[in-house]
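Q: Take this structure first; my questions come after.
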Protein chains: 2
Amino acid sequence: MANLLRTCIALAMLTFGLQASAAANDDLEERLGDARSWVTAAGSYSGQRFSTLNEITADNVHALRPAWSFSTGVLRGHEGAPLVVGGVMYVHTPFPNIVYALDLDHEGRILWKYEPRQDASVAAVMCCDTVSRGLGYGDGKILLAQADATLVALDAKTGAVVWTAKNGDPKLGETMTGSPLVVKDKVIAGIGGGEYGVLGRLTAYRLSDGKPLWSAASAGPDASMLIDPQKTTELGRPVGENSSLKSWEGDAWKIGGGPTWGWITYDPKLDLIYYGTGNPGTWNPGQRPGDNKWTDTIFARSPETGVAKWVYQMTPHDEWDFDGINEMILADIPVRGAMRQALVHFDRNGFGYTLDRASGELLVAEKFDPSVNWASGIDLATGKPQRAPAFSPEAGGEDTATEGICPSALGAKNQQPAAFSPQTRLFYVPTNHTCMGYEPFHVSYTAGQPYVGATLTMTPAPGDANLGNFIAWDAASGKIVWSVPERFSVWSGALATAGGVVFYGTLEGYLKAVDARTGRELYRFKTPSGIVGNPITYEHDGRQYVAVLSGVGGWAGIGLAAGLSSPDDGSGAVGLNLALSNYTALGGVVTVFALP
Amino acid sequence: MANLLRTCIALAMLTFGLQASAAANDDLEERLGDARSWVTAAGSYSGQRFSTLNEITADNVHALRPAWSFSTGVLRGHEGAPLVVGGVMYVHTPFPNIVYALDLDHEGRILWKYEPRQDASVAAVMCCDTVSRGLGYGDGKILLAQADATLVALDAKTGAVVWTAKNGDPKLGETMTGSPLVVKDKVIAGIGGGEYGVLGRLTAYRLSDGKPLWSAASAGPDASMLIDPQKTTELGRPVGENSSLKSWEGDAWKIGGGPTWGWITYDPKLDLIYYGTGNPGTWNPGQRPGDNKWTDTIFARSPETGVAKWVYQMTPHDEWDFDGINEMILADIPVRGAMRQALVHFDRNGFGYTLDRASGELLVAEKFDPSVNWASGIDLATGKPQRAPAFSPEAGGEDTATEGICPSALGAKNQQPAAFSPQTRLFYVPTNHTCMGYEPFHVSYTAGQPYVGATLTMTPAPGDANLGNFIAWDAASGKIVWSVPERFSVWSGALATAGGVVFYGTLEGYLKAVDARTGRELYRFKTPSGIVGNPITYEHDGRQYVAVLSGVGGWAGIGLAAGLSSPDDGSGAVGLNLALSNYTALGGVVTVFALP
């Protein structure tokens with residue numbers, strides 16, 4: 001049986017035209033080693049969002065000032081970050097997913113602009129604002145994940161379309177918001193649509209021509225998941241045959257979610273890619289008995305074959321929309337006296353996980369927001385959360401709201417990526433500090449229609465006025481080292497630098513710089529709009545720059561972005577941050593900073 | 001007859017409810033005397049756009065840097081400028097004409113926001129982008145001229161609507177884009193729609209409750225124009241009875257244009273307001289024989305009664321769309337050895353006029369762009385342009401293009417207001433440097449439909465690559481003192497300061513500071529989008545700030561703003577500046593600058 005399965009996997013890979021040998025992408029790898037560039041969404045394969053550039057330091061960052069700025073001409077939420085490759089900044093926008101190539105020699109003169117033609121109806125099936133989390137780069141190509149699930153390779157020099165690939169069908173609610181990652185000769189891309197009953201999958205395309213190579217589903221038969229029941233492990237143990245199928249009733253897995261709209265990281269030495277799968281569908285847990293594997297799961301896969309090395313499901317049978325797609329940060333840190341090849345992940349469910357990224361061993365799992373109450377802890381041996389029955393919506397029953405669950409469905413952290421500094425060995429985590437009432441209701445699946453099955457009411461965490469914190473986290477001990485309260489969710493990514501400075505943005509629109517050791521604020525600048533993008537740094541003509549997209553929106557700002565509600569109505573799944581309409585208005589702008 | 005006429009005027013004024021005595025607006029007058037504020041579109045009644053603030057100087061302006069920024073959430077062209085009153089910045093937007101009150105104590109936190117409900121069809125009848133040129137202020141009220149020709153008074157503290165007044169009918173093509181001016185107890189507002197056969201008029205409303213007080217048409221019977229045939233003069237001579245009616249065939253004046261969408265200035269000592277009337281309709285001169293008075297005319301009127309003190313028609317029987325609405329700058333300067341109460345005006349037609357603003361005497365009229373060729377000069381005695389027959393579209397005939405006319409219909413200057421420094425006695429003028437082919441065609445009038453009657457093809461001025469210049473002008477001699485070439489039309493206003501620095505913006509998006517004496521560039525910053533707004537300066541908490549709206553658009557940027565054409569198509573009435581899509585994209589942002 002196991003041999004048969006492996007044969008099936010091999011056949012599936014052949015179906016996708018996998019080549020035995022993969023040509024190295026020397027261009028990308030060389031640029032990844034050059035701190036002057038920023039060539040992946042996280043600036044590196046590791047997802048550390050750390051730069052060795054150190055012209056800007058804790059001592060001089062107070063003098064930082066905008067050097068130039070660029071309006072994208074698009075109003076909705078600007079998540080993600082530009083890329084910087086060879087003196088050119090590549091800026092993406094939310095739907096309609098315009099790409100600008102800006103000349104850094106001339107303060108952002110437009111070298112080329114690419115504006116896809118997409119059916120406007122696509123924007124309507126994007127659950128949480130029409131965001132895009134950025135571009136990929138490799139071998140002279142800019143990779144654009146369009147909202148309509150078309151993956152496009154553009155010539156980085158001219159903007160000409162090199163190839164397009166259909167990665168999904170927006171008529172089924174399949175959309176793309178994540179940033180594709182180039183690994184060797186492949187582009188790896190996920191899919192969104194967890195609120196539309198989309199079955200998640202990660203797909204690899206050939207970088208040269210867009211030919212699909214392999215695709216690995218988030219649930220279903222082992223063959224379609226590229227799971228080897230004997231070799232794929234969870235916490236060191238083989239997952240066994242049909243590990244996913246056994247955890248669903250009947251065919252429920254086919255509309256079972258596990259989307260893959262988050263970040264992808266890569267360890268070249270272990271030759272493994274890492275990503276998380278999203279929540280199971282529907283949000284009504286009573287409609288999908290079982291553990292719903294492998295939703296809300298960390299995956300380690302071979303980029304060559306797609307086969308899973310290990311998995312770890314963080315929230316079995318998710319009752320809270322604890323979408324597990326947040327980034328996996330790869331960092332070597334000492335844990336309990338031994339240096340470990342760690343993977344650190346801050347999950348929507350409020351736990352910060354430290355695993356051995358080679359074996360998938362669970363080393364640490366602790367709350368990174370003190371308000372988290374849906375589980376008292378995580379059993380390191382079994383990996384299971386110790387659930388609090390009082391905060392189980394399923395136990396409360398359909399059409400009954402379970403109140404006071406922390407965190408809310410926004411998660412203690414959402415897509416906003418954390419950073420890691422090898423200097424301090426601390427992780428810098430933008431967090432949400434919110435709770436919710438959760439009322440499941442029965443829902444029927446109709447292809448392409450919302451398949452949600454719960455209503456939410458979000459509230460501030462008890463006793464606190466701040467809706468977010470920016471924290472420093474010790475992933476070895478699972479402890480918060482310092483925490484900076486923020487008025488709103490911190491929906492921006494973090495950036496750590498060798499200058500001892502950590503950058504992040506706020507929903508009011510401030511780019512802030514804090515001391516990496518203490519969290520003390522060293523600098524702030526009010527950019528044109530709320531920041532849901534991720535600061536980056538690069539060097540041009542011998543100077544260090546910091547750049548960030550502002551443009552309020554995303555799930556945290558969807559009320560404002562889509563005009564859904566008044567600032568007085570702080571409730572509903574559209575988020576708690578509606579009061580931010582007292583602080584900022586829409587509009588996408590890149591602001592680029594430097595020292596005088 | 002003259003007595004009868006005066007009686008008619010008096011009756012007309014009574015019809016509008018004019019009160020004999022006007023209460024002074026102490027609040028506004030006090031703030032006008034305080035350089036820390038910026039309480040009218042031009043910062044003063046004089047239109048000088050000069051500030052006595054001098055913290056920022058030619059020596060230190062190189063260190064200027066953005067202090068904070070604010071996105072308006074609106075994409076189209078952002079002409080005009082914010083007001084600063086009592087620690088609050090009032091920011092307007094193009095259609096839908098949102099008003100934000102921003103707290104200067106908190107880097108632009110939103111105190112209130114007002115968003116009118118207007119029929120979206122209004123935007124379609126705005127000829128040259130959906131711009132607004134800013135707000136008025138007086139007696140604790142913010143005055144908003146909505147696109148749909150509704151004048152709104154908002155409580156400056158709360159944003160609550162105090163009153164509204166209907167100033168026109170957008171179904172007839174009547175729209176408002178100009179900034180209303182408060183003079184004593186009145187708000188004075190113009191109307192746009194010259195390309196729709198709208199007959200222009202200036203109207204005064206009572207500041208307290210919006211009651212109409214007087215209205216003065218740009219053409220027609222003396223009574224409706226508030227012209228006194230004996231007392232109203234042109235170049236010192238009474239205009240005589242029916243001066244307008246005699247200059248049109250039949251009822252052509254009723255759809256004869258002369259809109260009043262430009263700036264209004266005021267001399268409190270002479271108690272006269274000044275403004276210009278726009279082009280006659282249609283653009284096909286053959287369809288409207290006669291001088292078409294009083295289109296393309298400078299008006300001096302009493303703000304109390306509206307009665308015209310003097311007029312001067314710059315372009316009789318306009319064949320080129322030389323809309324005369326540009327600002328009248330009031331400055332006392334020596335001319336030929338004698339100090340004069342001058343009015344200086346840079347007209348679309350390319351001539352810079354210096355008049356005595358008390359008497360309307362024409363003192364100087366010279367070309368402020370060397371390419372101007374439609375007339376060789378202006379006869380100071382008669383005030384008439386000495387026309388060049390080769391550049392007369394009417395002589396060329398209908399359906400025939402007359403080529404090489406300079407300036408183009410954009411004018412050597414358009415709405416972008418110039419500045420004057422009493423220190424240098426120079427005027428700082430943002431100019432266009434473009435020419436055109438002009439082909440008249442027959443057009444029929446239908447209410448509410450475009451009534452244009454010509455097609456244009458714009459070209460760069462012969463031999464030059466620059467489409468604009470920023471110049472210093474000596475209005476006493478009528479000579480350019482220095483000229484800075486700019487790649488595109490300079491569609492931003494100018495600001496002169498006592499620090500010896502002059503500011504302006506470019507269509508690429510640069511805010512530039514130049515030395516007031518030499519034009520040498522001292523500072524530039526690339527704001528998020530092209531600048532068609534006007535820089536202002538104010539003081540808050542003891543620091544001098546400079547602020548400017550960016551957000552490309554207006555007639556100069558309409559191709560980009562409305563997506564009318566490709567960058568390669570540099571022709572047509574949509575402007576020559578289409579190549580600016582290589583430099584900037586849409587998006588309204590206020591950027592506020594200060595020294596470190």
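Ligands are numbered from 1 in the order shown, residues from 1 within each chain, and chains are lettered A, B, ... in the order they appear in the structure tokens.
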Excluding stretch 74-78 of chain B and any residue of its chain fewer than 3 positions from it, enumerate the residues within 6 Å of it, using only C-alpha atoms, and give them as a list of chain:residue names.

A: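 Counting only the stated atoms, we get B:Pro94, B:Val131, B:Gly533, B:Gly551, B:Val552, B:Gly553, B:Gly554, B:Ala561, B:Leu586, B:Gly587, B:Gly588.
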
Q: Contacts of B:Lys246 at 9 Å or less, counting only C-alpha atoms, minus same-chain residues fewer than 4 places along, as number ranges by chain?

A: B: 241-242, 250, 290-293

Q: For the selection just defined, write its residues with N, CA, C and O atoms to a file, as a PDB file, in the first residue's frame.

A:
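Dumped to result_38.pdb:
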ATOM      1  N   GLU B 241     -24.153 102.736 -22.257  1.00  0.00           N
ATOM      2  CA  GLU B 241     -25.301 101.843 -22.104  1.00  0.00           C
ATOM      3  C   GLU B 241     -25.165 100.594 -22.962  1.00  0.00           C
ATOM      4  O   GLU B 241     -24.669 100.641 -24.076  1.00  0.00           O
ATOM      5  N   ASN B 242     -25.645  99.501 -22.377  1.00  0.00           N
ATOM      6  CA  ASN B 242     -25.700  98.211 -23.090  1.00  0.00           C
ATOM      7  C   ASN B 242     -24.356  97.833 -23.717  1.00  0.00           C
ATOM      8  O   ASN B 242     -24.299  97.332 -24.838  1.00  0.00           O
ATOM      9  N   GLY B 250     -27.837  89.359 -31.344  1.00  0.00           N
ATOM     10  CA  GLY B 250     -29.081  88.838 -30.785  1.00  0.00           C
ATOM     11  C   GLY B 250     -28.936  88.394 -29.359  1.00  0.00           C
ATOM     12  O   GLY B 250     -28.359  89.101 -28.515  1.00  0.00           O
ATOM     13  N   GLY B 290     -18.692  89.860 -32.846  1.00  0.00           N
ATOM     14  CA  GLY B 290     -18.664  90.930 -31.852  1.00  0.00           C
ATOM     15  C   GLY B 290     -17.562  90.724 -30.832  1.00  0.00           C
ATOM     16  O   GLY B 290     -16.838  89.725 -30.847  1.00  0.00           O
ATOM     17  N   ASP B 291     -17.466  91.708 -29.962  1.00  0.00           N
ATOM     18  CA  ASP B 291     -16.419  91.656 -28.930  1.00  0.00           C
ATOM     19  C   ASP B 291     -16.769  90.713 -27.779  1.00  0.00           C
ATOM     20  O   ASP B 291     -15.919  90.408 -26.951  1.00  0.00           O
ATOM     21  N   ASN B 292     -18.035  90.320 -27.705  1.00  0.00           N
ATOM     22  CA  ASN B 292     -18.451  89.362 -26.660  1.00  0.00           C
ATOM     23  C   ASN B 292     -18.129  89.887 -25.263  1.00  0.00           C
ATOM     24  O   ASN B 292     -17.551  89.187 -24.427  1.00  0.00           O
ATOM     25  N   LYS B 293     -18.501  91.144 -25.031  1.00  0.00           N
ATOM     26  CA  LYS B 293     -18.280  91.726 -23.700  1.00  0.00           C
ATOM     27  C   LYS B 293     -19.311  91.173 -22.729  1.00  0.00           C
ATOM     28  O   LYS B 293     -20.439  90.888 -23.111  1.00  0.00           O
TER      29      LYS B 293
END

Q: Distance limit 8 Å, atoms considered: only C-alpha atoms. Which chain A residues sit that close to chain B? Return them as number ranges by chain.

A: A: 65-75, 107-112, 525-529, 581-591

Q: Enumerate the residues of stretch 49-169 of chain B with a DSSP assignment of helix (DSSP H, G or I), computed from the backbone, and present them as a list of chain:residue names.

A: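 In stretch 49-169 of chain B, DSSP puts these residues in helix (DSSP H, G or I): B:Val61, B:His62, B:Ala63, B:Leu104, B:Asp105, B:His106, B:Ala120, B:Ser121, B:Val122, B:Ala123, B:Ala124, B:Val125.
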
Q: So that I have them on file, write out the residues from the current selection with all heavy atoms, as a PDB file, in the first residue's frame.

A:
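Dumped to part.pdb:
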ATOM      1  N   VAL B  61      16.690  76.219   4.039  1.00  0.00           N
ATOM      2  CA  VAL B  61      15.596  75.436   3.445  1.00  0.00           C
ATOM      3  C   VAL B  61      16.085  74.088   2.909  1.00  0.00           C
ATOM      4  O   VAL B  61      15.307  73.136   2.777  1.00  0.00           O
ATOM      5  CB  VAL B  61      14.875  76.250   2.343  1.00  0.00           C
ATOM      6  CG1 VAL B  61      15.781  76.462   1.134  1.00  0.00           C
ATOM      7  CG2 VAL B  61      13.570  75.580   1.938  1.00  0.00           C
ATOM      8  N   HIS B  62      17.380  73.975   2.667  1.00  0.00           N
ATOM      9  CA  HIS B  62      17.922  72.688   2.195  1.00  0.00           C
ATOM     10  C   HIS B  62      17.655  71.580   3.208  1.00  0.00           C
ATOM     11  O   HIS B  62      17.624  70.399   2.858  1.00  0.00           O
ATOM     12  CB  HIS B  62      19.426  72.814   1.941  1.00  0.00           C
ATOM     13  CG  HIS B  62      20.210  73.084   3.192  1.00  0.00           C
ATOM     14  ND1 HIS B  62      20.677  72.090   4.007  1.00  0.00           N
ATOM     15  CD2 HIS B  62      20.560  74.263   3.805  1.00  0.00           C
ATOM     16  CE1 HIS B  62      21.311  72.624   5.050  1.00  0.00           C
ATOM     17  NE2 HIS B  62      21.242  73.944   4.945  1.00  0.00           N
ATOM     18  N   ALA B  63      17.478  71.958   4.472  1.00  0.00           N
ATOM     19  CA  ALA B  63      17.254  70.947   5.523  1.00  0.00           C
ATOM     20  C   ALA B  63      15.775  70.637   5.726  1.00  0.00           C
ATOM     21  O   ALA B  63      15.428  69.839   6.597  1.00  0.00           O
ATOM     22  CB  ALA B  63      17.863  71.432   6.839  1.00  0.00           C
ATOM     23  N   LEU B 104      -3.814  69.977  14.190  1.00  0.00           N
ATOM     24  CA  LEU B 104      -2.366  70.205  14.035  1.00  0.00           C
ATOM     25  C   LEU B 104      -1.597  69.831  15.291  1.00  0.00           C
ATOM     26  O   LEU B 104      -0.382  69.633  15.238  1.00  0.00           O
ATOM     27  CB  LEU B 104      -2.101  71.665  13.658  1.00  0.00           C
ATOM     28  CG  LEU B 104      -2.653  72.099  12.302  1.00  0.00           C
ATOM     29  CD1 LEU B 104      -2.310  73.547  12.023  1.00  0.00           C
ATOM     30  CD2 LEU B 104      -2.132  71.197  11.194  1.00  0.00           C
ATOM     31  N   ASP B 105      -2.284  69.720  16.412  1.00  0.00           N
ATOM     32  CA  ASP B 105      -1.611  69.270  17.634  1.00  0.00           C
ATOM     33  C   ASP B 105      -1.284  67.778  17.563  1.00  0.00           C
ATOM     34  O   ASP B 105      -0.472  67.290  18.354  1.00  0.00           O
ATOM     35  CB  ASP B 105      -2.505  69.507  18.858  1.00  0.00           C
ATOM     36  CG  ASP B 105      -2.502  70.960  19.286  1.00  0.00           C
ATOM     37  OD1 ASP B 105      -1.527  71.671  18.963  1.00  0.00           O
ATOM     38  OD2 ASP B 105      -3.469  71.390  19.935  1.00  0.00           O
ATOM     39  N   HIS B 106      -1.942  67.074  16.666  1.00  0.00           N
ATOM     40  CA  HIS B 106      -1.751  65.623  16.612  1.00  0.00           C
ATOM     41  C   HIS B 106      -1.505  65.157  15.176  1.00  0.00           C
ATOM     42  O   HIS B 106      -2.084  64.174  14.714  1.00  0.00           O
ATOM     43  CB  HIS B 106      -2.950  64.896  17.230  1.00  0.00           C
ATOM     44  CG  HIS B 106      -3.096  65.177  18.690  1.00  0.00           C
ATOM     45  ND1 HIS B 106      -3.924  66.150  19.175  1.00  0.00           N
ATOM     46  CD2 HIS B 106      -2.475  64.635  19.768  1.00  0.00           C
ATOM     47  CE1 HIS B 106      -3.824  66.181  20.506  1.00  0.00           C
ATOM     48  NE2 HIS B 106      -2.955  65.282  20.881  1.00  0.00           N
ATOM     49  N   ALA B 120     -23.717  61.496  -8.773  1.00  0.00           N
ATOM     50  CA  ALA B 120     -22.450  61.166  -9.432  1.00  0.00           C
ATOM     51  C   ALA B 120     -22.379  61.731 -10.846  1.00  0.00           C
ATOM     52  O   ALA B 120     -21.290  61.936 -11.392  1.00  0.00           O
ATOM     53  CB  ALA B 120     -22.249  59.653  -9.458  1.00  0.00           C
ATOM     54  N   SER B 121     -23.543  62.004 -11.444  1.00  0.00           N
ATOM     55  CA  SER B 121     -23.547  62.529 -12.816  1.00  0.00           C
ATOM     56  C   SER B 121     -22.912  63.915 -12.898  1.00  0.00           C
ATOM     57  O   SER B 121     -22.511  64.352 -13.975  1.00  0.00           O
ATOM     58  CB  SER B 121     -24.982  62.596 -13.351  1.00  0.00           C
ATOM     59  OG  SER B 121     -25.730  63.538 -12.609  1.00  0.00           O
ATOM     60  N   VAL B 122     -22.813  64.596 -11.747  1.00  0.00           N
ATOM     61  CA  VAL B 122     -22.206  65.929 -11.755  1.00  0.00           C
ATOM     62  C   VAL B 122     -20.785  65.874 -12.297  1.00  0.00           C
ATOM     63  O   VAL B 122     -20.352  66.742 -13.060  1.00  0.00           O
ATOM     64  CB  VAL B 122     -22.211  66.517 -10.327  1.00  0.00           C
ATOM     65  CG1 VAL B 122     -21.379  67.780 -10.264  1.00  0.00           C
ATOM     66  CG2 VAL B 122     -23.633  66.790  -9.874  1.00  0.00           C
ATOM     67  N   ALA B 123     -20.069  64.839 -11.876  1.00  0.00           N
ATOM     68  CA  ALA B 123     -18.659  64.745 -12.266  1.00  0.00           C
ATOM     69  C   ALA B 123     -18.517  64.719 -13.785  1.00  0.00           C
ATOM     70  O   ALA B 123     -17.497  65.160 -14.330  1.00  0.00           O
ATOM     71  CB  ALA B 123     -18.019  63.512 -11.638  1.00  0.00           C
ATOM     72  N   ALA B 124     -19.539  64.226 -14.470  1.00  0.00           N
ATOM     73  CA  ALA B 124     -19.449  64.090 -15.928  1.00  0.00           C
ATOM     74  C   ALA B 124     -19.540  65.430 -16.647  1.00  0.00           C
ATOM     75  O   ALA B 124     -19.117  65.536 -17.797  1.00  0.00           O
ATOM     76  CB  ALA B 124     -20.548  63.155 -16.431  1.00  0.00           C
ATOM     77  N   VAL B 125     -20.108  66.453 -16.005  1.00  0.00           N
ATOM     78  CA  VAL B 125     -20.223  67.747 -16.691  1.00  0.00           C
ATOM     79  C   VAL B 125     -19.103  68.708 -16.288  1.00  0.00           C
ATOM     80  O   VAL B 125     -19.179  69.898 -16.563  1.00  0.00           O
ATOM     81  CB  VAL B 125     -21.606  68.424 -16.450  1.00  0.00           C
ATOM     82  CG1 VAL B 125     -22.700  67.586 -17.072  1.00  0.00           C
ATOM     83  CG2 VAL B 125     -21.880  68.674 -14.977  1.00  0.00           C
TER      84      VAL B 125
END

Q: Would you kindly return, as a VMD selection string, each protein, DNA or RNA residue with an atom no farther than 9 Å from any atom of stretch 217-230 of chain A, considering only C-alpha atoms and excluding same-chain residues fewer than 6 positions away?

A: chain A and resid 2 5 to 10 12 to 13 199 to 203 237 to 245 248 251 253 to 254 256 to 260 277 to 278 292 to 295 297 301 305 to 310

Q: So which bits of stretch 476-593 of chain A end up strand (DSSP E) when you DSSP the backbone, as a ChimeraX atom specification?

A: /A:479-486,494-497,501-505,510-515,521-526,536-540,543-550,589-593

Q: Which residue, A:Val152, A:Ala390, A:Lys171, A:Gly136, has the smallest gap to A:Asp119 when you use only C-alpha atoms?

A: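 Of A:Val152, A:Ala390, A:Lys171, A:Gly136, the one nearest A:Asp119 is A:Lys171, counting only C-alpha atoms.
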
Q: Could you list, with a cut-off of 10 Å and counting only C-alpha atoms, the residues of stretch 258-301 of chain B near stretch 47-53 of chain B, each shown with its nearest atom pair and the distance in Å rounded to one decimal, rows sorted by chain and ascending number, as CSV?

A:
residue,atom,partner,partner_atom,distance
B:Trp263,CA,B:Gly47,CA,8.5
B:Ile264,CA,B:Gly47,CA,8.1
B:Thr265,CA,B:Gly47,CA,5.8
B:Tyr266,CA,B:Gly47,CA,8.1
B:Asp267,CA,B:Gly47,CA,9.9

Q: What does the file look like for those residues with all heavy atoms, as a compact mmCIF listing (two decimals), in the first residue's frame?

A:
# COMPACT_ATOMS: atom_id res chain seq x y z
N TRP B 263 -10.21 82.86 -9.23
CA TRP B 263 -9.94 83.39 -7.90
C TRP B 263 -10.56 84.76 -7.73
O TRP B 263 -10.78 85.50 -8.69
CB TRP B 263 -8.43 83.47 -7.69
CG TRP B 263 -7.73 82.21 -8.03
CD1 TRP B 263 -7.12 81.91 -9.21
CD2 TRP B 263 -7.59 81.05 -7.22
NE1 TRP B 263 -6.60 80.64 -9.17
CE2 TRP B 263 -6.86 80.09 -7.96
CE3 TRP B 263 -8.00 80.72 -5.92
CZ2 TRP B 263 -6.54 78.83 -7.46
CZ3 TRP B 263 -7.68 79.47 -5.42
CH2 TRP B 263 -6.96 78.55 -6.18
N ILE B 264 -10.82 85.14 -6.50
CA ILE B 264 -11.36 86.46 -6.17
C ILE B 264 -10.41 87.09 -5.17
O ILE B 264 -9.98 86.43 -4.21
CB ILE B 264 -12.77 86.34 -5.53
CG1 ILE B 264 -13.68 85.45 -6.39
CG2 ILE B 264 -13.38 87.73 -5.32
CD1 ILE B 264 -14.91 84.96 -5.65
N THR B 265 -10.06 88.36 -5.39
CA THR B 265 -9.24 89.08 -4.40
C THR B 265 -10.00 90.34 -3.98
O THR B 265 -11.02 90.70 -4.58
CB THR B 265 -7.85 89.41 -4.95
OG1 THR B 265 -7.98 90.03 -6.24
CG2 THR B 265 -7.00 88.15 -5.12
N TYR B 266 -9.46 91.02 -2.98
CA TYR B 266 -10.22 92.13 -2.36
C TYR B 266 -9.26 93.16 -1.81
O TYR B 266 -8.23 92.81 -1.19
CB TYR B 266 -11.09 91.55 -1.22
CG TYR B 266 -11.80 92.58 -0.38
CD1 TYR B 266 -12.66 93.54 -0.97
CD2 TYR B 266 -11.64 92.61 1.01
CE1 TYR B 266 -13.31 94.47 -0.18
CE2 TYR B 266 -12.30 93.54 1.79
CZ TYR B 266 -13.13 94.48 1.20
OH TYR B 266 -13.78 95.41 1.96
N ASP B 267 -9.58 94.42 -2.07
CA ASP B 267 -8.82 95.52 -1.48
C ASP B 267 -9.71 96.20 -0.43
O ASP B 267 -10.66 96.90 -0.79
CB ASP B 267 -8.41 96.52 -2.57
CG ASP B 267 -7.55 97.64 -2.00
OD1 ASP B 267 -7.76 98.02 -0.82
OD2 ASP B 267 -6.65 98.12 -2.71

Q: Atom CA of B:Pro82 and atom CA of B:Ser46 are how many Å apart?

A: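 It comes out at 17.6 Å.
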